[in-house]
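Worksheet for the structure shown next.
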Amino acid sequence: MKEEQFIADFLEATDFRDPVEVSLDSELRNLPEWDSLAALGVIVMFDMKYKKTVTGDHLDKAVQLRDLYKLVG
Amino acid sequence: MAKSTLKNVRYAGMASCVPQRVVSNLIDCRPEQRAERERLVRNIGIELRPMAPEWQCFSDLAFEAAQTLIEKLEWSRDEIDALIIITQSADYVAPATAIILQDRLGLSNSTIAFDVNLGCSGYPFGLHLLGSMISAGGVRKGLLLVGDRCAQIGNPIFSDAATATALEFDSGAAPMYFDLNSDGSGHQAIIYPVGGHREPVALKHLIEGRERTVDLDLDGTAVLSFSTQRIPPAVEQLLDYARVEKSEVDYFLFHQANRMINETIRKKLELAPEKVPSSLRDFGNSSSASIPLTMTARLNQQLEGSQRLLMCGFGIGLSWGTCLVDIRDACFPDLIRA
């Protein structure tokens with residue numbers, strides 16, 4: 001999984017209203033619309049696209065987007 | 001519970017009732033919330049929600065649904081042996097709402113009437129409970145009233161609805177198949193934390209802000225994970241048990257949770273959209289009423305030519321149940337707005 005593809009998937013899953021520059025170093029908490037809806041989108045993304053089970057605990061522990069990227073395995 | 005089969009029980013009919021008032025998630029909010037609401041509606045798939053006025057109880061909607069169904073079926077009221085209500089929106093803490101409705105509907109004093117406290121998973125559980133009483137003998141005809149009054153103006157998910165389902169003894173009826181499950185370790189994922197004996201209502205709970213906990217507390221990620229992990233295998237297992245292929249099921253009716261959950265379940269089961277009707281956009285998440293309400297709102301005409309439905313409810317408890325039901329020749333009145 002290339003980083004660029006993961007970031008594209010992440011942006012599609014989170015469906016942020018306003019365009020936002022995201023890199024793997026981005027801190028999730030600093031993204032303006034990183035909210036419960038975005039979290040649900042990311043869990044579905046992992047489940048359907050990467051066949052990985054990610055829970056709310058995983059998301060709570062993730063600081064940077066890179067931490068989620070590592071979960072792809 | 002192990003999977004089970006009920007024999008000699010006929011699904012005779014079903015009616016649904018929603019409040020006349022409808023709230024829009026896009027319009028009925030503060031202007032500054034609209035852009036955010038558009039994103040929300042796009043993702044959860046819920047635009048409109050029937051919402052009862054303050055004075056209207058779940059039982060008022062259930063009464064209308066039951067009245068209509070009894071009349072359409074031309075059932076005599078004194079031959080209805082059981083009235084079971086599945087709700088978390090009782091008229092009073094006690095007595096049970098079913099007993100109040102026994103009188104209001106003009107049913108006889110020999111009617112068995114009681115409430116069951118289940119939410120979004122409730123419909124298959126209710127069919128199993130009433131169906132078991134009929135299958136065992138004694139109860140010949142029974143009504144199952146299912147639904148909730150859980151809409152709040154600020155919560156974009158939930159709506160209000162009530163449904164009435166009629167089951168009767170019929171030695172020629174096709175078997176019904178069930179798989180019912182519970183996982184109380186997840187009870188805090190969806191909970192009204194205040195108002196019971198663990199946490200009686202106190203003044204602090206009624207103050208807006210962080211201390212206000214009388215409202216529903218929902219852990220969205222936990223509910224999504226539970227639903228999308230548990231439900232697809234549960235459906236597959238019930239089909240295996242009943243020896244029924246997906247292609248032999250006319251429609252798959254899932255609890256209407258939100259679009260993300262429902263679409264994930266549908267895709268995992270590789271079901272075509274036209275086999276999985278949705279009422280989310282116009283009716284929201286109406287808790288235990290959502291399966292029968294979707295039947296009324298989306299399928300009513302087609303149902304009269306259908307035979308086999310798979311229904312699956314899941315949610316608060318945590319609790320989930322799946323059933324395969326033959327609805328041949330059942331009666332389905334049009335949607336009631338009261």
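Scheme for the structure tokens: letters A, B, ... for chains in order shown; per-chain residue numbers from 1; ligand numbers from 1 in order shown.
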Next on the checklist: For a quick test of understanding: name the residues of chain A lying within 10 Å of chain B when counting only C-alpha atoms, and present them as a ChimeraX atom specification.
Outcome noted: /A:13-17,33,36-45,47-48,53-57,59
Next on the checklist: With only C-alpha atoms as the counted atoms, please give the residues lying no more than 9 Å from region 294-301 of chain B, apart from itself and same-chain residues fewer than 3 positions off, as a list of chain:residue names.
Outcome noted: B:Met14, B:Ala15, B:Ser16, B:Leu253, B:Phe254, B:His255, B:Gln256, B:Pro277, B:Ser278, B:Ser279, B:Leu280, B:Phe283, B:Ala289, B:Ser290, B:Ile291, B:Glu304, B:Gly305, B:Phe332, B:Pro333, B:Asp334, B:Leu335
Please, which residues of region 98-285 of chain B, numbered as in this document, come out helix (DSSP H, G or I) from DSSP, as an mmCIF file with C-alpha atoms, in the first residue's frame?
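part-v5.cif, freshly written:
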```
data_model
loop_
_atom_site.group_PDB
_atom_site.id
_atom_site.type_symbol
_atom_site.label_atom_id
_atom_site.label_comp_id
_atom_site.auth_asym_id
_atom_site.auth_seq_id
_atom_site.Cartn_x
_atom_site.Cartn_y
_atom_site.Cartn_z
ATOM 1 C CA ALA B 98 -49.389 -3.590 26.985
ATOM 2 C CA ILE B 99 -51.886 -3.924 29.822
ATOM 3 C CA ILE B 100 -53.093 -0.365 29.305
ATOM 4 C CA LEU B 101 -53.507 -1.034 25.580
ATOM 5 C CA GLN B 102 -55.399 -4.280 26.263
ATOM 6 C CA ASP B 103 -58.142 -2.113 27.699
ATOM 7 C CA ARG B 104 -57.822 0.724 25.185
ATOM 8 C CA GLY B 122 -36.472 -6.263 19.071
ATOM 9 C CA TYR B 123 -38.529 -7.294 16.069
ATOM 10 C CA PRO B 124 -37.139 -10.827 15.527
ATOM 11 C CA PHE B 125 -37.225 -11.379 19.309
ATOM 12 C CA GLY B 126 -40.869 -10.338 19.398
ATOM 13 C CA LEU B 127 -41.823 -12.608 16.521
ATOM 14 C CA HIS B 128 -40.078 -15.468 18.280
ATOM 15 C CA LEU B 129 -41.723 -14.800 21.641
ATOM 16 C CA LEU B 130 -45.274 -14.477 20.357
ATOM 17 C CA GLY B 131 -44.669 -17.207 17.789
ATOM 18 C CA SER B 132 -43.486 -19.585 20.527
ATOM 19 C CA MET B 133 -46.651 -18.991 22.538
ATOM 20 C CA ILE B 134 -48.769 -19.736 19.475
ATOM 21 C CA SER B 135 -46.702 -22.738 18.436
ATOM 22 C CA GLY B 184 -24.151 -7.726 27.710
ATOM 23 C CA SER B 185 -20.429 -6.933 27.879
ATOM 24 C CA GLY B 186 -21.277 -4.170 25.407
ATOM 25 C CA LEU B 203 -30.904 17.794 39.523
ATOM 26 C CA LYS B 204 -27.339 17.614 38.180
ATOM 27 C CA HIS B 205 -28.465 15.361 35.337
ATOM 28 C CA LEU B 206 -30.930 17.924 34.067
ATOM 29 C CA GLY B 220 -20.710 5.262 17.575
ATOM 30 C CA THR B 221 -17.489 3.438 16.768
ATOM 31 C CA ALA B 222 -18.322 0.543 19.107
ATOM 32 C CA VAL B 223 -21.794 0.186 17.614
ATOM 33 C CA LEU B 224 -20.453 0.297 14.076
ATOM 34 C CA SER B 225 -17.819 -2.345 14.829
ATOM 35 C CA PHE B 226 -20.347 -4.586 16.566
ATOM 36 C CA SER B 227 -22.883 -4.306 13.754
ATOM 37 C CA THR B 228 -20.565 -4.767 10.818
ATOM 38 C CA GLN B 229 -18.630 -7.646 12.436
ATOM 39 C CA ARG B 230 -21.501 -9.598 13.980
ATOM 40 C CA ILE B 231 -24.336 -9.276 11.507
ATOM 41 C CA PRO B 232 -22.995 -10.649 8.199
ATOM 42 C CA PRO B 233 -21.951 -14.016 9.710
ATOM 43 C CA ALA B 234 -25.211 -14.209 11.674
ATOM 44 C CA VAL B 235 -27.190 -13.871 8.446
ATOM 45 C CA GLU B 236 -25.068 -16.480 6.681
ATOM 46 C CA GLN B 237 -25.457 -18.897 9.592
ATOM 47 C CA LEU B 238 -29.223 -18.599 9.690
ATOM 48 C CA LEU B 239 -29.454 -19.207 5.942
ATOM 49 C CA ASP B 240 -27.273 -22.305 6.379
ATOM 50 C CA TYR B 241 -29.449 -23.536 9.238
ATOM 51 C CA ALA B 242 -32.631 -23.058 7.208
ATOM 52 C CA LYS B 246 -29.782 -15.975 -0.721
ATOM 53 C CA SER B 247 -31.451 -16.129 -4.129
ATOM 54 C CA GLU B 248 -34.489 -17.782 -2.513
ATOM 55 C CA ARG B 259 -26.195 4.278 5.874
ATOM 56 C CA MET B 260 -22.566 3.498 6.763
ATOM 57 C CA ILE B 261 -23.527 0.505 8.873
ATOM 58 C CA ASN B 262 -26.244 -0.759 6.549
ATOM 59 C CA GLU B 263 -24.205 -0.425 3.379
ATOM 60 C CA THR B 264 -21.224 -2.179 4.959
ATOM 61 C CA ILE B 265 -23.431 -5.100 5.995
ATOM 62 C CA ARG B 266 -25.053 -5.261 2.550
ATOM 63 C CA LYS B 267 -21.714 -5.234 0.727
ATOM 64 C CA LYS B 268 -20.187 -7.854 3.016
ATOM 65 C CA PRO B 273 -29.329 -3.001 -3.434
ATOM 66 C CA GLU B 274 -32.772 -3.850 -4.824
ATOM 67 C CA LYS B 275 -32.953 -6.855 -2.485
ATOM 68 C CA LEU B 280 -33.349 5.636 6.196
ATOM 69 C CA ARG B 281 -33.612 8.782 4.072
ATOM 70 C CA ASP B 282 -37.268 9.497 4.837
ATOM 71 C CA PHE B 283 -37.769 7.745 8.180
#
```
Next on the checklist: I'd like the neighbourhood of Ala62 (chain B) as a list in words, where a residue qualifies if any of its atoms comes within 8 Å (using only C-alpha atoms), though same-chain residues fewer than 6 positions away should be ignored.
Outcome noted: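 Residues meeting the cut-off are Cys17, Leu145, Val146, Gly147, Ala162, Thr163 and Ala164 of chain B.
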Can I get the selection written as a PDB file, in the first residue's frame, with C-alpha atoms?
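Saved to result39.pdb:
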```
ATOM      1  CA  CYS B  17     -47.743   4.214  12.089  1.00  0.00           C
ATOM      2  CA  LEU B 145     -46.619  -4.028  18.978  1.00  0.00           C
ATOM      3  CA  VAL B 146     -43.068  -2.876  18.372  1.00  0.00           C
ATOM      4  CA  GLY B 147     -41.404   0.518  18.264  1.00  0.00           C
ATOM      5  CA  ALA B 162     -44.889   2.044  16.052  1.00  0.00           C
ATOM      6  CA  THR B 163     -45.882  -1.130  14.280  1.00  0.00           C
ATOM      7  CA  ALA B 164     -48.433  -3.862  14.842  1.00  0.00           C
TER       8      ALA B 164
END
```
Item to check | region 81-86 of chain B surroundings by only C-alpha atoms, 7 Å radius, close-in-sequence under 2 positions cut, as a PyMOL selection string | outcome: chain B and resi 79+98+110-118+122+126+139-147
Output C-alpha atoms for every residue in the selection just made, as a compact mmCIF listing (two decimals), in the first residue's frame.
```
# COMPACT_ATOMS: atom_id res chain seq x y z
CA GLU B 79 -60.30 -13.85 19.91
CA ALA B 98 -49.39 -3.59 26.99
CA SER B 110 -58.32 -13.12 29.24
CA THR B 111 -55.65 -11.54 27.02
CA ILE B 112 -52.03 -12.16 28.03
CA ALA B 113 -50.42 -8.71 27.96
CA PHE B 114 -46.89 -7.65 28.90
CA ASP B 115 -43.96 -5.51 27.80
CA VAL B 116 -40.46 -6.52 26.78
CA ASN B 117 -37.55 -4.10 27.06
CA LEU B 118 -35.58 -4.35 23.83
CA GLY B 122 -36.47 -6.26 19.07
CA GLY B 126 -40.87 -10.34 19.40
CA VAL B 139 -52.70 -18.74 22.09
CA ARG B 140 -54.45 -18.83 18.71
CA LYS B 141 -54.11 -15.20 17.65
CA GLY B 142 -51.77 -12.56 18.98
CA LEU B 143 -50.60 -9.02 18.38
CA LEU B 144 -47.03 -7.81 18.63
CA LEU B 145 -46.62 -4.03 18.98
CA VAL B 146 -43.07 -2.88 18.37
CA GLY B 147 -41.40 0.52 18.26
```
Checklist entry - Which distance in Å separates CA of Asp160 (chain B) and CA of Pro193 (chain B), to one decimal? => result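 The value is 20.6 Å.
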